[in-house]
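Report on one structure; see the data block that follows.
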Amino acid sequence: MTADLDAAPRTRRGRPTGRSLTGDDPALRAAYQLCRRTTRVHDPAIHTLILLMPAVLRPAGWALWAAASVLDDLADQQDAAPAERAARVEAWTEALRRDLAAGTSTDPVRHALVDTATRWRLDLSSLQGAMTSTRDDTGIRHFPDWAAWRAWSNGEIAPWVDQVRHLFEQAGAPMTPRLDRQGDYAQFIDGAQLTDILTDLGSDLVQGCLFLPQEALDAYPGAEDDLRQGRWSPATAALTGELTALARRWVTRPALTRGMHPGAATVLDTAARLLRAQLDAVDAAGAALLKRAPRPSLISRTRILAPARIRSNLAWSLTSLTVPGPRGRAAIAGDPNPAAEDTALRLPPPHPDGARPPQIAADQMPSHVAIIMDGNGRWAQQRGLPRPEGHRAGTVAAHEMVYGALEIGLRHLTLYVFSTENWKRDTEEITTILEAIRHDLDEGPIRDLDVRQRWSGHPDRLPEELVQAFLREERRTRNRTGLTLTVCINYGGRDEITRTAAALAQAAQAGDIDPHLISEDDFAHHLPHPDMPDVDLLWRTGNEQRTSNFLPWHATYAELYFTPDYWPDVDRRDLWQAITEYSRRQRRHGAAPLVSPRTPPTVPPRPI
């Protein structure tokens with residue numbers, strides 16, 4: 001029996017099935033069935049993992065992976081030159097953008113994907129980077145080191161996996177790892193990518209592709225030449241053995257699923273077991289690895305999947321899932337389609353007085369400004385108001401900093417919002433700060449600006465819903481290119497360094513790094529945000545002159561700038577003045593001073 005979405009049929013346990021979501025639309029049902037077949041043929045392991053998901057989520061999983069498979073196939077087609085293959089990927093991606101705007105598609109895979117995005121409120125704009133990466137894979141890739149390889153891996157796979165994680169969240173069974181396990185998650189993704197590369201090594205070499213970092217190849221002289229010539233040698237055997245062991249360490253992250261819903265944890269645990277079985281097959285293949293892709297035996301797969309099916313069925317049978325309503329409901333309510341949310345980024349509002357930023361030469365502009373936003377409580381007390389009112393007023397000043405940073409062309413802005421020491425304050429004040437942050441994430445005025453949002457800090461003691469809001473905004477804005485805004489909440493510099501040192505120790509213990517050869521670059525790579533540049537200018541308001549445990553690693557060579565105004569009294573013009581002051585200074589980093597100082601621009605004085 002079938003019915004419309006308002007009266008979806010139920011299984012014996014009263015749970016909606018994947019079929020119930022397609023209603024009486026035969027074209028949509030056929031589209032999802034094609035996605036299922038495409039996923040099963042292209043990647044049987046992924047198809048098996050999707051079967052461990054609750055039935056209501058499976059069609060969405062097939063749609064996402066079928067779309068990724070179609071793009072991979074377009075990029076790998078051997079009947080065309082690389083430029084033509086890249087054009088085909090770009091054309092498919094552009095067609096998807098049009099289909100998302102139209103709400104439907106004549107292409108069955110895109111039809112299912114558009115339905116999935118609309119029904120489950122997925123923001124597919126986060127896949128743009130992955131689709132661009134797939135397009136670029138049609139050419140010859142070269143990775144000088146593991147850092148460049150990881151950046152590619154993160155852009156290639158992580159966005160698709162994040163969409164699946166979002167599906168689980170929408171259904172009420174979060175798959176998101178705890179924030180103190182985000183490093184494990186990143187390594188798990190890298191391990192999955194490396195496993196895939198080793199599996200497809202032979203077919204990639206036929207196409208002239210070797211998706212391994214030069215750093216790894218150089219460690220085994222002669223291995224690269226042998227691989228490109230299709231020769232199995234002691235050097236290639238040693239290289240593949242080392243990489244297989246590395247991939248196995250990366251996908252073995254037992255703490256990754258700690259605190260997850262048991263059904264979601266079963267999916268990830270099974271993925272890890274299947275990856276290790278695949279690596280066993282790679283190890284056993286020997287010279288045959290260069291001729292065909294090895295696969296685990298049916299017996300080994302059955303030993304993994306049989307108990308996993310039992311565990312997942314039990315977990316989902318005891319779980320009440322959130323099922324999406326009719327596709328048109330959000331549009332009827334006037335709620336925009338999140339899949340098209342990033343298509344109309346707006347400019348920051350102009351300053352009320354019409355003030356414009358000064359013109360500063362590129363070589364005099366800081367790349368990264370960090371601000372200690374001090375004086376909210378004293379501002380309120382000075383006016384006879386409760387301290388929490390100062391934090392509400394300070395939110396407006398924070399928005400002004402973002403507007404000013406965008407207008408002057410600043411690339412990185414970091415705001416010290418709440419330190420690990422701030423828990424000593426009054427409960428009402430803490431609640432006001434955290435509620436203001438959550439409101440800004442959900443409904444704040446910077447959501448639709450060209451701002452990539454990130455959070456730095458420790459998850460302990462923070463409300464879980466706030467943590468999830470941070471992760472959601474990081475995913476939603478990850479491909480924006482204007483300003484990178486990092487908010488430091490429950491942050492402490494010494495805590496950051498301690499956790500980074502612990503991560504380095506774990507990497508050394510796992511054999512990922514030689515403890516005798518640890519460099520500053522190795523330490524920086526294990527920081528929460530390895531790509532965060534050093535701070536050029538550190539500014540503190542509130543008439544205090546100390547750095548208060550803020551970004552000690554990044555701010556080692558920062559220019560310091562202290563001003564007397566309390567935070568709620570500043571606006572974007574003060575940011576421009578701080579940047580102008582920075583442009584007057586000579587940054588020598590131990591070198592001799594310049595003979596003639598630079599002539600900075602002038603900023604009109606603020607009216608009193």
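Naming works like this for the structure tokens: A, B, ... for the chains as they're shown, residue 1 at the start of each chain, ligands 1 onward in shown order.
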
Run DSSP on the backbone and tell me which residues of stretch 419-588 of chain A come out as strand (DSSP E); list them as a PyMOL selection string. chain A and resi 419+451-456+483-491+537-540+559-562

Next, the residues of the selection above should be written as a PDB file, in the first residue's frame with N, CA and C atoms.
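Dumped everything to result-v1.pdb:
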ATOM      1  N   SER A 419      36.520  33.031  27.704  1.00  0.00           N
ATOM      2  CA  SER A 419      37.713  32.261  28.048  1.00  0.00           C
ATOM      3  C   SER A 419      37.372  31.135  29.023  1.00  0.00           C
ATOM      4  N   VAL A 451      31.230  35.183   4.883  1.00  0.00           N
ATOM      5  CA  VAL A 451      32.039  34.930   6.068  1.00  0.00           C
ATOM      6  C   VAL A 451      32.076  33.432   6.331  1.00  0.00           C
ATOM      7  N   ARG A 452      33.265  32.893   6.394  1.00  0.00           N
ATOM      8  CA  ARG A 452      33.472  31.504   6.797  1.00  0.00           C
ATOM      9  C   ARG A 452      33.632  31.490   8.307  1.00  0.00           C
ATOM     10  N   GLN A 453      32.728  30.801   8.995  1.00  0.00           N
ATOM     11  CA  GLN A 453      32.723  30.823  10.456  1.00  0.00           C
ATOM     12  C   GLN A 453      33.416  29.580  11.023  1.00  0.00           C
ATOM     13  N   ARG A 454      34.226  29.825  12.050  1.00  0.00           N
ATOM     14  CA  ARG A 454      34.895  28.718  12.743  1.00  0.00           C
ATOM     15  C   ARG A 454      34.893  28.999  14.245  1.00  0.00           C
ATOM     16  N   TRP A 455      35.075  27.929  15.000  1.00  0.00           N
ATOM     17  CA  TRP A 455      35.107  28.048  16.455  1.00  0.00           C
ATOM     18  C   TRP A 455      36.386  27.404  16.963  1.00  0.00           C
ATOM     19  N   SER A 456      36.982  28.042  17.969  1.00  0.00           N
ATOM     20  CA  SER A 456      38.145  27.470  18.634  1.00  0.00           C
ATOM     21  C   SER A 456      37.870  27.461  20.131  1.00  0.00           C
ATOM     22  N   LEU A 483      35.831  36.526   4.344  1.00  0.00           N
ATOM     23  CA  LEU A 483      36.499  36.662   5.641  1.00  0.00           C
ATOM     24  C   LEU A 483      36.386  35.351   6.405  1.00  0.00           C
ATOM     25  N   THR A 484      37.490  34.903   6.998  1.00  0.00           N
ATOM     26  CA  THR A 484      37.439  33.770   7.925  1.00  0.00           C
ATOM     27  C   THR A 484      37.330  34.321   9.334  1.00  0.00           C
ATOM     28  N   LEU A 485      36.189  34.083   9.967  1.00  0.00           N
ATOM     29  CA  LEU A 485      35.924  34.564  11.321  1.00  0.00           C
ATOM     30  C   LEU A 485      36.040  33.398  12.294  1.00  0.00           C
ATOM     31  N   THR A 486      36.980  33.498  13.222  1.00  0.00           N
ATOM     32  CA  THR A 486      37.140  32.482  14.260  1.00  0.00           C
ATOM     33  C   THR A 486      36.726  33.079  15.587  1.00  0.00           C
ATOM     34  N   VAL A 487      35.754  32.457  16.237  1.00  0.00           N
ATOM     35  CA  VAL A 487      35.327  32.917  17.557  1.00  0.00           C
ATOM     36  C   VAL A 487      35.889  31.952  18.599  1.00  0.00           C
ATOM     37  N   CYS A 488      36.553  32.502  19.588  1.00  0.00           N
ATOM     38  CA  CYS A 488      37.169  31.698  20.641  1.00  0.00           C
ATOM     39  C   CYS A 488      36.239  31.680  21.842  1.00  0.00           C
ATOM     40  N   ILE A 489      35.658  30.526  22.107  1.00  0.00           N
ATOM     41  CA  ILE A 489      34.673  30.371  23.179  1.00  0.00           C
ATOM     42  C   ILE A 489      35.060  29.164  24.015  1.00  0.00           C
ATOM     43  N   ASN A 490      35.101  29.351  25.322  1.00  0.00           N
ATOM     44  CA  ASN A 490      35.665  28.363  26.238  1.00  0.00           C
ATOM     45  C   ASN A 490      37.088  28.029  25.771  1.00  0.00           C
ATOM     46  N   TYR A 491      37.835  29.099  25.510  1.00  0.00           N
ATOM     47  CA  TYR A 491      39.180  28.986  24.964  1.00  0.00           C
ATOM     48  C   TYR A 491      40.214  29.431  25.987  1.00  0.00           C
ATOM     49  N   LEU A 537      48.225  41.505  14.137  1.00  0.00           N
ATOM     50  CA  LEU A 537      47.845  42.601  15.024  1.00  0.00           C
ATOM     51  C   LEU A 537      46.912  42.078  16.102  1.00  0.00           C
ATOM     52  N   LEU A 538      47.306  42.245  17.367  1.00  0.00           N
ATOM     53  CA  LEU A 538      46.463  41.867  18.491  1.00  0.00           C
ATOM     54  C   LEU A 538      45.994  43.144  19.181  1.00  0.00           C
ATOM     55  N   TRP A 539      44.697  43.346  19.205  1.00  0.00           N
ATOM     56  CA  TRP A 539      44.087  44.571  19.735  1.00  0.00           C
ATOM     57  C   TRP A 539      43.237  44.234  20.952  1.00  0.00           C
ATOM     58  N   ARG A 540      43.437  45.012  22.022  1.00  0.00           N
ATOM     59  CA  ARG A 540      42.608  44.835  23.217  1.00  0.00           C
ATOM     60  C   ARG A 540      41.971  46.161  23.584  1.00  0.00           C
ATOM     61  N   GLU A 559      51.928  42.489  16.512  1.00  0.00           N
ATOM     62  CA  GLU A 559      51.965  43.866  16.994  1.00  0.00           C
ATOM     63  C   GLU A 559      50.835  44.035  17.998  1.00  0.00           C
ATOM     64  N   LEU A 560      51.117  44.679  19.131  1.00  0.00           N
ATOM     65  CA  LEU A 560      50.117  44.863  20.187  1.00  0.00           C
ATOM     66  C   LEU A 560      49.542  46.273  20.106  1.00  0.00           C
ATOM     67  N   TYR A 561      48.233  46.365  20.329  1.00  0.00           N
ATOM     68  CA  TYR A 561      47.539  47.646  20.212  1.00  0.00           C
ATOM     69  C   TYR A 561      46.479  47.697  21.305  1.00  0.00           C
ATOM     70  N   PHE A 562      46.592  48.646  22.219  1.00  0.00           N
ATOM     71  CA  PHE A 562      45.672  48.752  23.350  1.00  0.00           C
ATOM     72  C   PHE A 562      44.936  50.090  23.274  1.00  0.00           C
TER      73      PHE A 562
END

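When the distance limit is 8 Å and only C-alpha atoms are what count, the residues near stretch 202-208 of chain A, minus those fewer than 2 positions from it on the same chain, are Ile140, Thr199, Asp200, Leu210, Leu227, Arg228, Gly230, Leu289, Leu290, Lys291, Arg292 and Ala293 of chain A.
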
Which of stretch 349-541 of chain A fall in helix (DSSP H, G or I), as a tab-separated table (two decimals) with N, CA and C atoms, in the first residue's frame:
chain	number	residue	atom	x	y	z
A	362	ALA	N	48.52	46.79	-0.14
A	362	ALA	CA	48.45	45.37	0.21
A	362	ALA	C	49.60	44.93	1.10
A	363	ASP	N	50.81	45.48	0.87
A	363	ASP	CA	51.95	45.06	1.68
A	363	ASP	C	51.95	45.68	3.07
A	364	GLN	N	51.01	46.59	3.35
A	364	GLN	CA	50.89	47.18	4.68
A	364	GLN	C	49.66	46.67	5.43
A	376	ASN	N	32.85	44.92	28.51
A	376	ASN	CA	31.38	44.86	28.44
A	376	ASN	C	30.73	45.11	29.80
A	377	GLY	N	31.23	44.37	30.81
A	377	GLY	CA	30.63	44.51	32.14
A	377	GLY	C	30.82	45.90	32.72
A	378	ARG	N	32.02	46.47	32.57
A	378	ARG	CA	32.28	47.80	33.10
A	378	ARG	C	31.47	48.86	32.36
A	379	TRP	N	31.26	48.66	31.07
A	379	TRP	CA	30.41	49.58	30.30
A	379	TRP	C	29.00	49.61	30.90
A	380	ALA	N	28.46	48.44	31.24
A	380	ALA	CA	27.11	48.38	31.80
A	380	ALA	C	27.07	49.00	33.20
A	381	GLN	N	28.06	48.67	34.03
A	381	GLN	CA	28.08	49.22	35.39
A	381	GLN	C	28.22	50.74	35.37
A	382	GLN	N	28.98	51.26	34.43
A	382	GLN	CA	29.15	52.70	34.31
A	382	GLN	C	27.81	53.39	34.04
A	387	ARG	N	25.44	43.76	34.48
A	387	ARG	CA	26.56	43.38	33.61
A	387	ARG	C	26.11	42.64	32.34
A	388	PRO	N	25.11	41.75	32.41
A	388	PRO	CA	24.69	41.08	31.18
A	388	PRO	C	24.29	42.03	30.06
A	389	GLU	N	23.78	43.23	30.41
A	389	GLU	CA	23.38	44.18	29.37
A	389	GLU	C	24.59	44.64	28.57
A	390	GLY	N	25.75	44.67	29.19
A	390	GLY	CA	26.95	45.04	28.47
A	390	GLY	C	27.31	44.04	27.40
A	391	HIS	N	27.07	42.76	27.68
A	391	HIS	CA	27.37	41.73	26.69
A	391	HIS	C	26.39	41.81	25.52
A	392	ARG	N	25.14	42.14	25.79
A	392	ARG	CA	24.19	42.32	24.69
A	392	ARG	C	24.62	43.47	23.80
A	393	ALA	N	25.06	44.58	24.43
A	393	ALA	CA	25.53	45.71	23.63
A	393	ALA	C	26.82	45.36	22.88
A	394	GLY	N	27.66	44.53	23.49
A	394	GLY	CA	28.91	44.15	22.85
A	394	GLY	C	28.71	43.32	21.59
A	395	THR	N	27.56	42.63	21.48
A	395	THR	CA	27.27	41.86	20.28
A	395	THR	C	27.20	42.76	19.05
A	396	VAL	N	26.63	43.96	19.23
A	396	VAL	CA	26.54	44.91	18.12
A	396	VAL	C	27.93	45.32	17.67
A	397	ALA	N	28.84	45.54	18.62
A	397	ALA	CA	30.21	45.91	18.28
A	397	ALA	C	30.90	44.77	17.52
A	398	ALA	N	30.62	43.53	17.90
A	398	ALA	CA	31.22	42.39	17.20
A	398	ALA	C	30.75	42.36	15.74
A	399	HIS	N	29.47	42.62	15.52
A	399	HIS	CA	28.96	42.69	14.15
A	399	HIS	C	29.68	43.79	13.37
A	400	GLU	N	29.91	44.92	14.03
A	400	GLU	CA	30.60	46.03	13.38
A	400	GLU	C	32.00	45.63	12.94
A	401	MET	N	32.69	44.82	13.76
A	401	MET	CA	34.03	44.39	13.39
A	401	MET	C	34.00	43.53	12.12
A	402	VAL	N	32.99	42.68	12.03
A	402	VAL	CA	32.86	41.83	10.84
A	402	VAL	C	32.58	42.69	9.61
A	403	TYR	N	31.66	43.66	9.76
A	403	TYR	CA	31.36	44.55	8.63
A	403	TYR	C	32.62	45.30	8.19
A	404	GLY	N	33.35	45.84	9.17
A	404	GLY	CA	34.55	46.61	8.84
A	404	GLY	C	35.64	45.75	8.22
A	405	ALA	N	35.77	44.50	8.71
A	405	ALA	CA	36.78	43.60	8.15
A	405	ALA	C	36.48	43.28	6.69
A	406	LEU	N	35.21	43.04	6.38
A	406	LEU	CA	34.82	42.76	5.00
A	406	LEU	C	35.07	43.98	4.10
A	407	GLU	N	34.75	45.15	4.62
A	407	GLU	CA	34.87	46.36	3.79
A	407	GLU	C	36.33	46.72	3.50
A	408	ILE	N	37.21	46.47	4.45
A	408	ILE	CA	38.61	46.85	4.23
A	408	ILE	C	39.41	45.73	3.57
A	420	THR	N	38.32	30.22	29.19
A	420	THR	CA	38.12	29.14	30.15
A	420	THR	C	38.05	29.68	31.58
A	421	GLU	N	38.61	30.88	31.81
A	421	GLU	CA	38.55	31.50	33.14
A	421	GLU	C	37.21	32.19	33.40
A	422	ASN	N	36.45	32.46	32.34
A	422	ASN	CA	35.19	33.20	32.50
A	422	ASN	C	34.09	32.40	33.20
A	423	TRP	N	34.31	31.09	33.40
A	423	TRP	CA	33.31	30.30	34.13
A	423	TRP	C	33.20	30.72	35.59
A	424	LYS	N	34.15	31.51	36.07
A	424	LYS	CA	34.11	31.99	37.45
A	424	LYS	C	33.06	33.08	37.64
A	427	THR	N	26.34	33.24	37.18
A	427	THR	CA	25.61	32.33	36.28
A	427	THR	C	24.76	33.09	35.27
A	428	GLU	N	24.10	34.16	35.71
A	428	GLU	CA	23.25	34.93	34.79
A	428	GLU	C	24.09	35.56	33.68
A	429	GLU	N	25.27	36.04	34.02
A	429	GLU	CA	26.14	36.66	33.02
A	429	GLU	C	26.61	35.61	32.01
A	430	ILE	N	26.99	34.44	32.50
A	430	ILE	CA	27.43	33.37	31.60
A	430	ILE	C	26.28	32.95	30.68
A	431	THR	N	25.09	32.80	31.24
A	431	THR	CA	23.93	32.39	30.44
A	431	THR	C	23.63	33.41	29.35
A	432	THR	N	23.73	34.70	29.70
A	432	THR	CA	23.47	35.75	28.71
A	432	THR	C	24.47	35.66	27.57
A	433	ILE	N	25.75	35.45	27.88
A	433	ILE	CA	26.78	35.36	26.84
A	433	ILE	C	26.50	34.18	25.92
A	434	LEU	N	26.24	33.00	26.48
A	434	LEU	CA	26.05	31.81	25.67
A	434	LEU	C	24.76	31.89	24.86
A	435	GLU	N	23.69	32.48	25.44
A	435	GLU	CA	22.45	32.63	24.69
A	435	GLU	C	22.61	33.60	23.53
A	436	ALA	N	23.39	34.67	23.74
A	436	ALA	CA	23.63	35.62	22.65
A	436	ALA	C	24.41	34.96	21.52
A	437	ILE	N	25.36	34.11	21.88
A	437	ILE	CA	26.14	33.41	20.86
A	437	ILE	C	25.22	32.49	20.06
A	438	ARG	N	24.38	31.73	20.75
A	438	ARG	CA	23.49	30.79	20.06
A	438	ARG	C	22.52	31.55	19.15
A	439	HIS	N	21.98	32.67	19.61
A	439	HIS	CA	21.06	33.46	18.79
A	439	HIS	C	21.77	33.96	17.54
A	440	ASP	N	23.03	34.39	17.70
A	440	ASP	CA	23.77	34.89	16.55
A	440	ASP	C	24.01	33.79	15.52
A	441	LEU	N	24.29	32.58	15.98
A	441	LEU	CA	24.51	31.46	15.07
A	441	LEU	C	23.25	31.11	14.31
A	442	ASP	N	22.10	31.22	14.99
A	442	ASP	CA	20.83	30.82	14.37
A	442	ASP	C	20.21	31.92	13.52
A	443	GLU	N	20.30	33.17	13.98
A	443	GLU	CA	19.57	34.24	13.32
A	443	GLU	C	20.37	35.53	13.16
A	464	GLU	N	25.31	21.25	24.71
A	464	GLU	CA	25.44	20.42	23.51
A	464	GLU	C	24.80	21.08	22.30
A	465	GLU	N	23.64	21.76	22.50
A	465	GLU	CA	23.00	22.40	21.36
A	465	GLU	C	23.84	23.54	20.79
A	466	LEU	N	24.62	24.20	21.65
A	466	LEU	CA	25.52	25.26	21.16
A	466	LEU	C	26.66	24.65	20.36
A	467	VAL	N	27.21	23.55	20.85
A	467	VAL	CA	28.27	22.86	20.13
A	467	VAL	C	27.79	22.43	18.75
A	468	GLN	N	26.59	21.86	18.69
A	468	GLN	CA	26.06	21.42	17.40
A	468	GLN	C	25.81	22.60	16.47
A	469	ALA	N	25.39	23.73	17.02
A	469	ALA	CA	25.19	24.93	16.20
A	469	ALA	C	26.50	25.40	15.59
A	470	PHE	N	27.58	25.36	16.37
A	470	PHE	CA	28.90	25.72	15.84
A	470	PHE	C	29.28	24.81	14.68
A	471	LEU	N	29.13	23.50	14.87
A	471	LEU	CA	29.50	22.55	13.82
A	471	LEU	C	28.66	22.76	12.58
A	472	ARG	N	27.37	23.03	12.77
A	472	ARG	CA	26.49	23.28	11.63
A	472	ARG	C	26.95	24.48	10.82
A	473	GLU	N	27.28	25.58	11.51
A	473	GLU	CA	27.71	26.78	10.80
A	473	GLU	C	29.07	26.60	10.14
A	474	GLU	N	29.95	25.84	10.76
A	474	GLU	CA	31.24	25.55	10.12
A	474	GLU	C	31.02	24.80	8.82
A	475	ARG	N	30.13	23.82	8.83
A	475	ARG	CA	29.85	23.07	7.60
A	475	ARG	C	29.16	23.97	6.57
A	476	ARG	N	28.21	24.76	7.02
A	476	ARG	CA	27.42	25.57	6.09
A	476	ARG	C	28.25	26.61	5.39
A	493	GLY	N	44.67	29.69	25.93
A	493	GLY	CA	45.87	29.45	25.15
A	493	GLY	C	46.72	28.30	25.67
A	494	ARG	N	46.90	28.24	26.99
A	494	ARG	CA	47.70	27.15	27.55
A	494	ARG	C	47.00	25.81	27.34
A	495	ASP	N	45.67	25.81	27.45
A	495	ASP	CA	44.91	24.59	27.21
A	495	ASP	C	45.10	24.13	25.77
A	496	GLU	N	45.09	25.07	24.82
A	496	GLU	CA	45.30	24.73	23.42
A	496	GLU	C	46.67	24.11	23.20
A	497	ILE	N	47.69	24.68	23.81
A	497	ILE	CA	49.05	24.16	23.65
A	497	ILE	C	49.17	22.79	24.32
A	498	THR	N	48.54	22.63	25.48
A	498	THR	CA	48.58	21.34	26.17
A	498	THR	C	47.93	20.25	25.33
A	499	ARG	N	46.76	20.55	24.75
A	499	ARG	CA	46.07	19.56	23.92
A	499	ARG	C	46.85	19.25	22.65
A	500	THR	N	47.51	20.26	22.10
A	500	THR	CA	48.32	20.04	20.91
A	500	THR	C	49.52	19.15	21.23
A	501	ALA	N	50.15	19.39	22.38
A	501	ALA	CA	51.26	18.54	22.79
A	501	ALA	C	50.80	17.10	23.00
A	502	ALA	N	49.60	16.93	23.57
A	502	ALA	CA	49.06	15.59	23.76
A	502	ALA	C	48.81	14.91	22.41
A	503	ALA	N	48.30	15.67	21.43
A	503	ALA	CA	48.07	15.11	20.10
A	503	ALA	C	49.38	14.70	19.45
A	504	LEU	N	50.42	15.51	19.65
A	504	LEU	CA	51.75	15.15	19.12
A	504	LEU	C	52.27	13.87	19.76
A	505	ALA	N	52.08	13.76	21.08
A	505	ALA	CA	52.54	12.57	21.78
A	505	ALA	C	51.81	11.32	21.27
A	506	GLN	N	50.51	11.46	21.02
A	506	GLN	CA	49.75	10.32	20.50
A	506	GLN	C	50.23	9.95	19.10
A	507	ALA	N	50.54	10.98	18.28
A	507	ALA	CA	51.03	10.71	16.93
A	507	ALA	C	52.39	10.01	16.98
A	508	ALA	N	53.24	10.42	17.91
A	508	ALA	CA	54.54	9.77	18.05
A	508	ALA	C	54.37	8.33	18.53
A	509	GLN	N	53.47	8.13	19.48
A	509	GLN	CA	53.23	6.78	19.99
A	509	GLN	C	52.68	5.86	18.91
A	515	PRO	N	59.60	11.34	17.15
A	515	PRO	CA	59.69	12.34	18.23
A	515	PRO	C	61.00	13.11	18.24
A	516	HIS	N	62.06	12.54	17.65
A	516	HIS	CA	63.36	13.23	17.62
A	516	HIS	C	63.43	14.27	16.52
A	517	LEU	N	62.44	14.26	15.62
A	517	LEU	CA	62.48	15.18	14.48
A	517	LEU	C	61.29	16.15	14.48
A	520	GLU	N	58.59	22.91	14.45
A	520	GLU	CA	57.50	23.86	14.68
A	520	GLU	C	56.34	23.59	13.73
A	521	ASP	N	56.66	23.20	12.50
A	521	ASP	CA	55.59	22.90	11.54
A	521	ASP	C	54.76	21.71	12.00
A	522	ASP	N	55.41	20.70	12.58
A	522	ASP	CA	54.68	19.55	13.10
A	522	ASP	C	53.73	19.97	14.21
A	523	PHE	N	54.22	20.84	15.10
A	523	PHE	CA	53.38	21.31	16.19
A	523	PHE	C	52.18	22.09	15.62
A	524	ALA	N	52.45	22.99	14.68
A	524	ALA	CA	51.39	23.79	14.10
A	524	ALA	C	50.35	22.92	13.41
A	525	HIS	N	50.79	21.83	12.80
A	525	HIS	CA	49.86	20.94	12.10
A	525	HIS	C	48.88	20.28	13.07

For A:Leu449, work out the shell of residues within 10 Å, counting only C-alpha atoms and skipping chain neighbours fewer than 3 positions away, then give it as an MDAnalysis selection string. chainID A and resid 342 344:349 402:403 406 445:446 452 477 480 482:483

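Proximity to A:Glu544 at 12 Å, evaluated using only C-alpha atoms and with sequence-adjacent residues fewer than 3 positions away removed, yields Ile372, Met373, Asp374, Gly375, Trp539, Arg540, Thr541, Thr547, Ser548, Leu560, Tyr561, Phe562, Thr563, Pro564, Asp565, Tyr566 and Trp567 of chain A.
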
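Each of A:Glu84, A:Asp123, A:Asp79, A:Asp283 was checked against A:Leu100 using only C-alpha atoms; the smallest atom-to-atom distance is that of A:Asp123.
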
Which residue out of A:Ala265, A:Leu57, A:Ala288, A:Ile189 has the minimum interatomic distance to A:Ala171 when only C-alpha atoms are used? A:Leu57

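Atom CA of A:Ala130 sits 22.4 Å away from atom CA of A:Gln214.
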
Considering only C-alpha atoms, can you say which of A:Ala91, A:Glu156, A:Ala75, A:Asp448 comes closest to A:Arg135? A:Ala75

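Among the candidates A:Arg58, A:Arg584, A:Arg546, A:His111, the residue lying nearest to A:Ala30 is A:His111 (atoms considered: only C-alpha atoms).
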
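Of the listed residues (A:His166, A:Ala45, A:Asp225, A:Gly155), A:Ala45 comes nearest to A:Ile304; the distances count only C-alpha atoms.
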
Provide the atom CA of A:Thr104 to atom CA of A:Ser69 distance in Å, to one decimal place. 19.9 Å
